[in-house]
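> The structure that follows is given in the form of structure tokens.
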Amino acid sequence: MDPLRNPYTPNAGARPPVILGRDDQLQTFALLLARMAAGRTEQSMIITGLRGVGKTVLLGSFRTEALGQSWVVIDSEVSKHSDDAFRRDLVSDFRTALFELSPKARWSDRLKRAASVLRSFSISVDPSGSLTAGVDVAALEGQADSGNLHRDLSDLFVAIGEAAQEQGRGVVLLYDEVQFLTQPQLEALIAALHKTVQRGLPVTLVGAGLPQIAELAGDAKSYAERLFKFPRIGSLSDADASRALADPAESEGATFSPGALHLAVELTEGYPYFIQELGYAVWGVAGGPTITPDDVEAALPLYESKLDS
């Protein structure tokens with residue numbers, strides 16, 4: 001069949017044609033935004049699961065939902081790096097967030113204060129002020145300038161949260177690969193988020209990481225177990241796996257025979273990444289428009305070589 005029309009997406013973080021088996025997580029995120037927009041508190045969330053189950057795809061869906069609700073989104077993939085580099089990344093992200101909350105020409109006193117706190121937060125790693133270019137405010141002495149990441153980040157979160165609240169907006173941090181945070185970095189984020197919860201401010205953190213992140217978060221701060229939900233995602237049910245294979249094909253005018261669909265689900269065991277790899281390989285060998293068990297068998301060498309590599 002035409003390779004240009006191949007609907008399967010075996011790429012890291014690529015959105016599949018249909019998202020299935022993740023309704024609970026999508027509804028939980030929608031409720032989180034709605035409750036915080038209404039001035040209520042709600043547990044933040046860190047999605048856990050092995051690689052290839054769709055954690056990054058879920059974060060992408062969360063981003064779309066948040067932007068649709070006029071939230072300011074800080075979208076970041078965590079890297080292994082020093083506290084100074086981590087602080088620099090935060091400065092860049094929150095600078096962008098400030099300008100998204102309001103154009104500088106219309107900054108209120110709250111927004112100007114948040115900008116001053118951001119400038120204070122940046123001084124230890126950026127004395128020249130290049131990271132806060134365009135902010136053009138003086139640092140606020142005594143706020144976010146102690147050099148202690150835990151305390152300084154709490155000051156910054158509160159200042160940004162107060163500015164967002166005044167604007168009738170919220171800020172959501174979407175962090176992928178959370179397990180790459182060092183313990184001090186993770187502890188600082190948890191403590192800062194906890195401070196915004198105590199103040200009833202519209203700031204939340206929704207992350208994704210490997211299964212060990214729940215334990216790492218608990219080790220960093222014991223109250224993380226109450227601050228976050230840790231839903232774990234994995235393989236799809238047979239029904240959802242069948243749809244994940246069949247629906248994209250049907251959208252391009254092809255059909256899996258019942259035998260081919262049964263064999264494909266059996267081979268992938270419902271693992272989302274495996275489904276995309278097998279679907280992609282089958283499309284490349286099938287004559288169509290009906291995909292047969294023989295087509296699935298013919299695709300196995302390519303499918304298995306991709307997984308092995």
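Following the order of the structure tokens, chains are lettered A, B, ..., residues in each are numbered from 1, and ligands are numbered from 1.
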Assign secondary structure with DSSP using the backbone only, and return the residues of segment 176-242 of chain A in alpha helix (DSSP H) as an MDAnalysis selection string.
chainID A and resid 183:199 213:220 224:227 238:242
> Can you write just those residues out, N, CA, C and O atoms, as a short mmCIF file (atom, residue, chain, number, x, y, z; two decimals), in the first residue's frame?

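Written file, result_34.cif:
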data_model
loop_
_atom_site.label_atom_id
_atom_site.label_comp_id
_atom_site.auth_asym_id
_atom_site.auth_seq_id
_atom_site.Cartn_x
_atom_site.Cartn_y
_atom_site.Cartn_z
N GLN A 183 17.82 14.82 43.10
CA GLN A 183 16.96 14.89 44.29
C GLN A 183 16.77 16.33 44.76
O GLN A 183 15.64 16.72 45.09
N PRO A 184 17.83 17.18 44.81
CA PRO A 184 17.59 18.57 45.22
C PRO A 184 16.65 19.32 44.26
O PRO A 184 15.83 20.13 44.71
N GLN A 185 16.74 19.04 42.96
CA GLN A 185 15.87 19.70 42.00
C GLN A 185 14.42 19.25 42.19
O GLN A 185 13.49 20.07 42.20
N LEU A 186 14.23 17.94 42.34
CA LEU A 186 12.89 17.41 42.55
C LEU A 186 12.32 17.93 43.87
O LEU A 186 11.14 18.33 43.94
N GLU A 187 13.14 17.95 44.91
CA GLU A 187 12.70 18.45 46.20
C GLU A 187 12.28 19.91 46.10
O GLU A 187 11.25 20.33 46.66
N ALA A 188 13.05 20.71 45.37
CA ALA A 188 12.72 22.13 45.22
C ALA A 188 11.41 22.33 44.49
O ALA A 188 10.59 23.18 44.87
N LEU A 189 11.18 21.57 43.43
CA LEU A 189 9.92 21.68 42.69
C LEU A 189 8.73 21.29 43.55
O LEU A 189 7.69 21.96 43.55
N ILE A 190 8.88 20.20 44.30
CA ILE A 190 7.78 19.74 45.14
C ILE A 190 7.48 20.77 46.23
O ILE A 190 6.31 21.09 46.50
N ALA A 191 8.52 21.30 46.85
CA ALA A 191 8.33 22.28 47.92
C ALA A 191 7.69 23.55 47.37
O ALA A 191 6.80 24.15 48.01
N ALA A 192 8.12 24.01 46.18
CA ALA A 192 7.56 25.21 45.58
C ALA A 192 6.09 25.02 45.24
O ALA A 192 5.25 25.90 45.48
N LEU A 193 5.77 23.86 44.68
CA LEU A 193 4.37 23.57 44.36
C LEU A 193 3.53 23.52 45.63
O LEU A 193 2.39 24.02 45.67
N HIS A 194 4.08 22.92 46.68
CA HIS A 194 3.38 22.83 47.95
C HIS A 194 3.04 24.23 48.47
O HIS A 194 1.95 24.47 49.01
N LYS A 195 3.97 25.16 48.30
CA LYS A 195 3.73 26.53 48.76
C LYS A 195 2.57 27.18 48.01
O LYS A 195 1.74 27.89 48.59
N THR A 196 2.48 26.92 46.70
CA THR A 196 1.37 27.50 45.94
C THR A 196 0.03 26.88 46.34
O THR A 196 -1.00 27.55 46.33
N VAL A 197 0.06 25.59 46.70
CA VAL A 197 -1.17 24.95 47.17
C VAL A 197 -1.62 25.59 48.48
O VAL A 197 -2.81 25.88 48.68
N GLN A 198 -0.69 25.84 49.37
CA GLN A 198 -1.02 26.48 50.64
C GLN A 198 -1.62 27.86 50.44
O GLN A 198 -2.48 28.29 51.21
N ARG A 199 -1.17 28.55 49.39
CA ARG A 199 -1.67 29.91 49.12
C ARG A 199 -2.90 29.90 48.20
O ARG A 199 -3.44 30.97 47.91
N ILE A 213 9.76 7.06 39.65
CA ILE A 213 9.62 8.46 40.05
C ILE A 213 8.71 8.60 41.27
O ILE A 213 8.89 9.52 42.08
N ALA A 214 7.73 7.72 41.43
CA ALA A 214 6.85 7.84 42.59
C ALA A 214 7.64 7.67 43.88
O ALA A 214 7.46 8.41 44.86
N GLU A 215 8.54 6.70 43.89
CA GLU A 215 9.38 6.48 45.07
C GLU A 215 10.37 7.63 45.26
O GLU A 215 10.60 8.08 46.39
N LEU A 216 10.94 8.12 44.15
CA LEU A 216 11.89 9.23 44.24
C LEU A 216 11.23 10.47 44.81
O LEU A 216 11.81 11.20 45.62
N ALA A 217 9.99 10.74 44.38
CA ALA A 217 9.27 11.91 44.88
C ALA A 217 8.98 11.77 46.37
O ALA A 217 9.12 12.72 47.14
N GLY A 218 8.60 10.56 46.79
CA GLY A 218 8.34 10.33 48.20
C GLY A 218 9.58 10.48 49.04
O GLY A 218 9.52 10.97 50.18
N ASP A 219 10.72 10.06 48.49
CA ASP A 219 11.99 10.22 49.21
C ASP A 219 12.38 11.69 49.32
O ASP A 219 12.95 12.11 50.33
N ALA A 220 12.08 12.47 48.27
CA ALA A 220 12.44 13.89 48.27
C ALA A 220 11.62 14.67 49.28
O ALA A 220 12.14 15.49 50.04
N ALA A 224 4.80 14.46 49.18
CA ALA A 224 4.56 14.32 47.74
C ALA A 224 3.46 13.31 47.46
O ALA A 224 2.74 13.42 46.47
N GLU A 225 3.31 12.32 48.35
CA GLU A 225 2.27 11.30 48.16
C GLU A 225 0.87 11.90 48.25
O GLU A 225 -0.08 11.34 47.71
N ARG A 226 0.75 13.05 48.94
CA ARG A 226 -0.54 13.72 49.03
C ARG A 226 -0.65 14.88 48.05
O ARG A 226 -1.74 15.33 47.73
N LEU A 227 0.48 15.35 47.58
CA LEU A 227 0.50 16.47 46.64
C LEU A 227 0.21 16.02 45.21
O LEU A 227 -0.35 16.77 44.42
N ASP A 238 -7.34 -5.67 25.03
CA ASP A 238 -7.44 -6.25 23.69
C ASP A 238 -8.37 -5.41 22.80
O ASP A 238 -8.08 -5.22 21.61
N ALA A 239 -9.46 -4.92 23.38
CA ALA A 239 -10.41 -4.13 22.59
C ALA A 239 -9.78 -2.83 22.11
O ALA A 239 -9.91 -2.44 20.94
N ASP A 240 -9.08 -2.15 23.01
CA ASP A 240 -8.44 -0.89 22.62
C ASP A 240 -7.28 -1.12 21.66
O ASP A 240 -7.05 -0.33 20.73
N ALA A 241 -6.52 -2.21 21.88
CA ALA A 241 -5.42 -2.53 20.97
C ALA A 241 -5.95 -2.82 19.57
O ALA A 241 -5.35 -2.41 18.57
N SER A 242 -7.07 -3.51 19.50
CA SER A 242 -7.68 -3.79 18.20
C SER A 242 -8.06 -2.50 17.48
O SER A 242 -7.80 -2.33 16.28
#
> Write out as a PyMOL selection string the residues lying within 12 Å of Ser92 of chain A, counting only C-alpha atoms and excluding same-chain residues fewer than 6 positions away.
chain A and resi 74-76+85-86+98-99+115+118-119+121-122+125-126+129-135
> Write the residues of the preceding selection, restricted to C-alpha atoms, as a PDB file, in the first residue's frame.

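As written to disk, part.pdb reads:
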ATOM      1  CA  ILE A  74       5.613  25.639  30.423  1.00  0.00           C
ATOM      2  CA  ASP A  75       6.480  22.554  28.389  1.00  0.00           C
ATOM      3  CA  SER A  76       9.880  21.001  29.056  1.00  0.00           C
ATOM      4  CA  ALA A  85      21.731  24.837  34.406  1.00  0.00           C
ATOM      5  CA  PHE A  86      18.374  23.833  35.889  1.00  0.00           C
ATOM      6  CA  LEU A  98       5.369  36.344  32.203  1.00  0.00           C
ATOM      7  CA  PHE A  99       5.046  37.702  28.672  1.00  0.00           C
ATOM      8  CA  ALA A 115       9.365  40.035  37.073  1.00  0.00           C
ATOM      9  CA  LEU A 118      12.446  36.378  38.479  1.00  0.00           C
ATOM     10  CA  ARG A 119      15.344  38.804  38.090  1.00  0.00           C
ATOM     11  CA  PHE A 121      16.173  34.262  40.917  1.00  0.00           C
ATOM     12  CA  SER A 122      18.410  34.658  37.875  1.00  0.00           C
ATOM     13  CA  VAL A 125      23.544  32.201  37.267  1.00  0.00           C
ATOM     14  CA  ASP A 126      23.109  35.225  35.009  1.00  0.00           C
ATOM     15  CA  GLY A 129      20.843  39.796  32.790  1.00  0.00           C
ATOM     16  CA  SER A 130      20.867  38.189  29.344  1.00  0.00           C
ATOM     17  CA  LEU A 131      18.355  35.495  30.341  1.00  0.00           C
ATOM     18  CA  THR A 132      15.846  38.134  31.454  1.00  0.00           C
ATOM     19  CA  ALA A 133      16.325  40.403  28.445  1.00  0.00           C
ATOM     20  CA  GLY A 134      13.323  42.644  27.914  1.00  0.00           C
ATOM     21  CA  VAL A 135      12.082  42.342  31.489  1.00  0.00           C
TER      22      VAL A 135
END
> Got a sec: who's within 8 Å of Leu245 of chain A, counting only C-alpha atoms, leaving out chain neighbours fewer than 4 positions off, as a list of chain:residue names?
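Selected residues are A:Ala241, A:Ala249, A:Leu261, A:Ile275, A:Gln276, A:Gly279.
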> A:Leu58, A:Met1, A:Ala139, A:Leu201: which is nearest Val158 of chain A, counting only C-alpha atoms?
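Ranked by minimum distance to Val158 of chain A, first place goes to A:Leu201.
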> Could you give me, as a Markdown table, every segment 95-188 of chain A residue with an atom at most 9 Å from segment 21-40 of chain A, plus its closest atom pair and distance in Å to one decimal, counting only C-alpha atoms, rows ordered by chain then number?

| residue | atom | partner | partner_atom | distance |
| --- | --- | --- | --- | --- |
| A:Gly168 | CA | A:Ala37 | CA | 8.0 |
| A:Arg169 | CA | A:Ala37 | CA | 7.5 |
| A:Gly170 | CA | A:Ala37 | CA | 7.1 |
| A:Val172 | CA | A:Leu33 | CA | 8.8 |
> Could the residues in this selection be saved with all heavy atoms as a compact mmCIF listing (two decimals), in the first residue's frame?

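And here's again.txt as it stands now:
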# COMPACT_ATOMS: atom_id res chain seq x y z
N GLY A 168 -6.58 36.20 36.16
CA GLY A 168 -7.62 35.21 35.92
C GLY A 168 -7.13 34.05 35.08
O GLY A 168 -7.92 33.41 34.37
N ARG A 169 -5.84 33.75 35.18
CA ARG A 169 -5.22 32.68 34.40
C ARG A 169 -4.55 31.69 35.35
O ARG A 169 -4.52 31.87 36.57
CB ARG A 169 -4.15 33.25 33.44
CG ARG A 169 -4.59 34.43 32.58
CD ARG A 169 -5.11 34.06 31.24
NE ARG A 169 -4.25 33.23 30.42
CZ ARG A 169 -3.31 33.69 29.60
NH1 ARG A 169 -3.03 35.00 29.55
NH2 ARG A 169 -2.63 32.85 28.81
N GLY A 170 -3.98 30.64 34.79
CA GLY A 170 -3.22 29.67 35.55
C GLY A 170 -1.97 29.29 34.80
O GLY A 170 -1.84 29.56 33.59
N VAL A 172 0.64 25.98 34.12
CA VAL A 172 0.87 24.55 34.28
C VAL A 172 2.24 24.20 33.71
O VAL A 172 2.58 24.59 32.59
CB VAL A 172 -0.23 23.70 33.60
CG1 VAL A 172 -0.41 24.05 32.13
CG2 VAL A 172 0.05 22.21 33.75
> Identify, on the basis of only C-alpha atoms, every residue whose closest approach to Gln143 of chain A does not exceed 9 Å; exclude the query and any residue fewer than 4 positions from it along the same chain; express the result as a list in words.
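Here the answer would be Ser116, Val117, Leu118, Ser120, Phe121, Ala139, Arg151, Asp152, Asp155 and Leu156 of chain A.
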> Those same residues, written as a PDB file, in the first residue's frame with all heavy atoms?

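Now in result.pdb:
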ATOM      1  N   SER A 116      10.404  41.137  38.969  1.00  0.00           N
ATOM      2  CA  SER A 116      11.518  41.475  39.864  1.00  0.00           C
ATOM      3  C   SER A 116      12.006  40.242  40.615  1.00  0.00           C
ATOM      4  O   SER A 116      13.212  40.056  40.816  1.00  0.00           O
ATOM      5  CB  SER A 116      11.083  42.555  40.858  1.00  0.00           C
ATOM      6  OG  SER A 116      10.828  43.780  40.201  1.00  0.00           O
ATOM      7  N   VAL A 117      11.076  39.393  41.029  1.00  0.00           N
ATOM      8  CA  VAL A 117      11.461  38.149  41.701  1.00  0.00           C
ATOM      9  C   VAL A 117      12.205  37.235  40.732  1.00  0.00           C
ATOM     10  O   VAL A 117      13.200  36.595  41.095  1.00  0.00           O
ATOM     11  CB  VAL A 117      10.216  37.439  42.290  1.00  0.00           C
ATOM     12  CG1 VAL A 117      10.589  36.068  42.847  1.00  0.00           C
ATOM     13  CG2 VAL A 117       9.582  38.298  43.387  1.00  0.00           C
ATOM     14  N   LEU A 118      11.751  37.171  39.494  1.00  0.00           N
ATOM     15  CA  LEU A 118      12.446  36.378  38.479  1.00  0.00           C
ATOM     16  C   LEU A 118      13.861  36.906  38.271  1.00  0.00           C
ATOM     17  O   LEU A 118      14.814  36.124  38.147  1.00  0.00           O
ATOM     18  CB  LEU A 118      11.673  36.407  37.164  1.00  0.00           C
ATOM     19  CG  LEU A 118      12.312  35.653  35.988  1.00  0.00           C
ATOM     20  CD1 LEU A 118      12.421  34.169  36.291  1.00  0.00           C
ATOM     21  CD2 LEU A 118      11.516  35.885  34.703  1.00  0.00           C
ATOM     22  N   SER A 120      15.678  38.422  40.479  1.00  0.00           N
ATOM     23  CA  SER A 120      16.434  37.987  41.655  1.00  0.00           C
ATOM     24  C   SER A 120      16.853  36.529  41.521  1.00  0.00           C
ATOM     25  O   SER A 120      17.991  36.162  41.816  1.00  0.00           O
ATOM     26  CB  SER A 120      15.597  38.171  42.922  1.00  0.00           C
ATOM     27  OG  SER A 120      15.294  39.524  43.164  1.00  0.00           O
ATOM     28  N   PHE A 121      15.925  35.695  41.061  1.00  0.00           N
ATOM     29  CA  PHE A 121      16.173  34.262  40.917  1.00  0.00           C
ATOM     30  C   PHE A 121      17.301  33.995  39.924  1.00  0.00           C
ATOM     31  O   PHE A 121      18.041  33.019  40.053  1.00  0.00           O
ATOM     32  CB  PHE A 121      14.884  33.578  40.452  1.00  0.00           C
ATOM     33  CG  PHE A 121      14.963  32.083  40.361  1.00  0.00           C
ATOM     34  CD1 PHE A 121      14.816  31.285  41.487  1.00  0.00           C
ATOM     35  CD2 PHE A 121      15.168  31.458  39.133  1.00  0.00           C
ATOM     36  CE1 PHE A 121      14.878  29.895  41.400  1.00  0.00           C
ATOM     37  CE2 PHE A 121      15.233  30.081  39.034  1.00  0.00           C
ATOM     38  CZ  PHE A 121      15.090  29.297  40.178  1.00  0.00           C
ATOM     39  N   ALA A 139      16.076  43.706  40.442  1.00  0.00           N
ATOM     40  CA  ALA A 139      15.848  42.545  41.300  1.00  0.00           C
ATOM     41  C   ALA A 139      15.192  42.985  42.603  1.00  0.00           C
ATOM     42  O   ALA A 139      15.424  44.098  43.091  1.00  0.00           O
ATOM     43  CB  ALA A 139      17.167  41.852  41.589  1.00  0.00           C
ATOM     44  N   ARG A 151      14.356  27.365  48.553  1.00  0.00           N
ATOM     45  CA  ARG A 151      13.686  28.598  48.986  1.00  0.00           C
ATOM     46  C   ARG A 151      13.416  29.530  47.810  1.00  0.00           C
ATOM     47  O   ARG A 151      12.339  30.139  47.706  1.00  0.00           O
ATOM     48  CB  ARG A 151      14.545  29.307  50.031  1.00  0.00           C
ATOM     49  CG  ARG A 151      14.683  28.539  51.337  1.00  0.00           C
ATOM     50  CD  ARG A 151      15.583  29.290  52.307  1.00  0.00           C
ATOM     51  NE  ARG A 151      15.755  28.551  53.546  1.00  0.00           N
ATOM     52  CZ  ARG A 151      16.544  28.940  54.546  1.00  0.00           C
ATOM     53  NH1 ARG A 151      17.248  30.068  54.425  1.00  0.00           N
ATOM     54  NH2 ARG A 151      16.642  28.218  55.655  1.00  0.00           N
ATOM     55  N   ASP A 152      14.395  29.665  46.932  1.00  0.00           N
ATOM     56  CA  ASP A 152      14.258  30.616  45.833  1.00  0.00           C
ATOM     57  C   ASP A 152      13.151  30.213  44.869  1.00  0.00           C
ATOM     58  O   ASP A 152      12.393  31.063  44.379  1.00  0.00           O
ATOM     59  CB  ASP A 152      15.581  30.749  45.084  1.00  0.00           C
ATOM     60  CG  ASP A 152      16.666  31.392  45.938  1.00  0.00           C
ATOM     61  OD1 ASP A 152      16.334  31.903  47.035  1.00  0.00           O
ATOM     62  OD2 ASP A 152      17.842  31.369  45.514  1.00  0.00           O
ATOM     63  N   ASP A 155       9.761  31.082  46.282  1.00  0.00           N
ATOM     64  CA  ASP A 155       9.467  32.506  46.103  1.00  0.00           C
ATOM     65  C   ASP A 155       8.996  32.789  44.678  1.00  0.00           C
ATOM     66  O   ASP A 155       8.051  33.560  44.459  1.00  0.00           O
ATOM     67  CB  ASP A 155      10.717  33.347  46.395  1.00  0.00           C
ATOM     68  CG  ASP A 155      11.070  33.408  47.870  1.00  0.00           C
ATOM     69  OD1 ASP A 155      10.219  33.063  48.717  1.00  0.00           O
ATOM     70  OD2 ASP A 155      12.218  33.806  48.179  1.00  0.00           O
ATOM     71  N   LEU A 156       9.670  32.182  43.704  1.00  0.00           N
ATOM     72  CA  LEU A 156       9.328  32.420  42.302  1.00  0.00           C
ATOM     73  C   LEU A 156       7.943  31.865  41.970  1.00  0.00           C
ATOM     74  O   LEU A 156       7.133  32.542  41.325  1.00  0.00           O
ATOM     75  CB  LEU A 156      10.380  31.788  41.397  1.00  0.00           C
ATOM     76  CG  LEU A 156      10.157  31.947  39.888  1.00  0.00           C
ATOM     77  CD1 LEU A 156      10.094  33.419  39.496  1.00  0.00           C
ATOM     78  CD2 LEU A 156      11.248  31.227  39.104  1.00  0.00           C
TER      79      LEU A 156
END
> Please identify all polymer residues within 10 Å of Ala298 of chain A, counting only C-alpha atoms, omitting same-chain residues fewer than 3 positions from it, and present them as a VMD selection string.
chain A and resid 281 to 282 284 to 286 292 to 295 301 to 303
> The selected residues should be written to file as a CSV table (one decimal), in the first residue's frame (atoms: N, CA, C and O atoms).

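Okay, result38.csv is ready:
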chain,number,residue,atom,x,y,z
A,281,ALA,N,4.9,-1.7,9.9
A,281,ALA,CA,5.6,-2.7,9.1
A,281,ALA,C,4.6,-3.5,8.2
A,281,ALA,O,4.8,-3.8,7.0
A,282,VAL,N,3.4,-3.8,8.7
A,282,VAL,CA,2.3,-4.5,8.0
A,282,VAL,C,1.9,-3.6,6.8
A,282,VAL,O,1.7,-4.1,5.7
A,284,GLY,N,3.6,-1.7,5.1
A,284,GLY,CA,4.6,-1.7,4.0
A,284,GLY,C,4.6,-3.0,3.2
A,284,GLY,O,5.2,-2.9,2.1
A,285,VAL,N,4.1,-4.1,3.7
A,285,VAL,CA,4.1,-5.3,2.9
A,285,VAL,C,2.7,-5.7,2.4
A,285,VAL,O,2.7,-6.5,1.4
A,286,ALA,N,1.7,-5.2,2.9
A,286,ALA,CA,0.3,-5.6,2.5
A,286,ALA,C,0.0,-5.1,1.1
A,286,ALA,O,0.3,-3.9,0.8
A,292,THR,N,-4.3,-9.3,5.7
A,292,THR,CA,-4.5,-10.7,6.1
A,292,THR,C,-3.5,-11.2,7.1
A,292,THR,O,-2.5,-10.5,7.3
A,293,PRO,N,-3.8,-12.4,7.7
A,293,PRO,CA,-2.8,-12.9,8.6
A,293,PRO,C,-1.4,-13.2,7.9
A,293,PRO,O,-0.4,-13.0,8.5
A,294,ASP,N,-1.5,-13.5,6.6
A,294,ASP,CA,-0.2,-13.7,5.9
A,294,ASP,C,0.6,-12.3,5.8
A,294,ASP,O,1.8,-12.3,5.9
A,295,ASP,N,-0.1,-11.2,5.7
A,295,ASP,CA,0.6,-9.9,5.7
A,295,ASP,C,1.2,-9.7,7.0
A,295,ASP,O,2.4,-9.1,7.0
A,301,PRO,N,9.6,-10.1,10.2
A,301,PRO,CA,11.1,-9.9,10.3
A,301,PRO,C,11.4,-8.4,10.4
A,301,PRO,O,12.3,-8.1,11.2
A,302,LEU,N,10.7,-7.5,9.7
A,302,LEU,CA,11.0,-6.1,9.8
A,302,LEU,C,10.6,-5.6,11.2
A,302,LEU,O,11.4,-4.9,11.9
A,303,TYR,N,9.4,-6.0,11.7
A,303,TYR,CA,8.9,-5.6,13.0
A,303,TYR,C,9.9,-6.0,14.1
A,303,TYR,O,10.3,-5.2,15.0
> Atom CA of Ile291 of chain A and atom CA of Gly13 of chain A, how far apart in Å?
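That distance, rounded to one decimal, is 26.5 Å.
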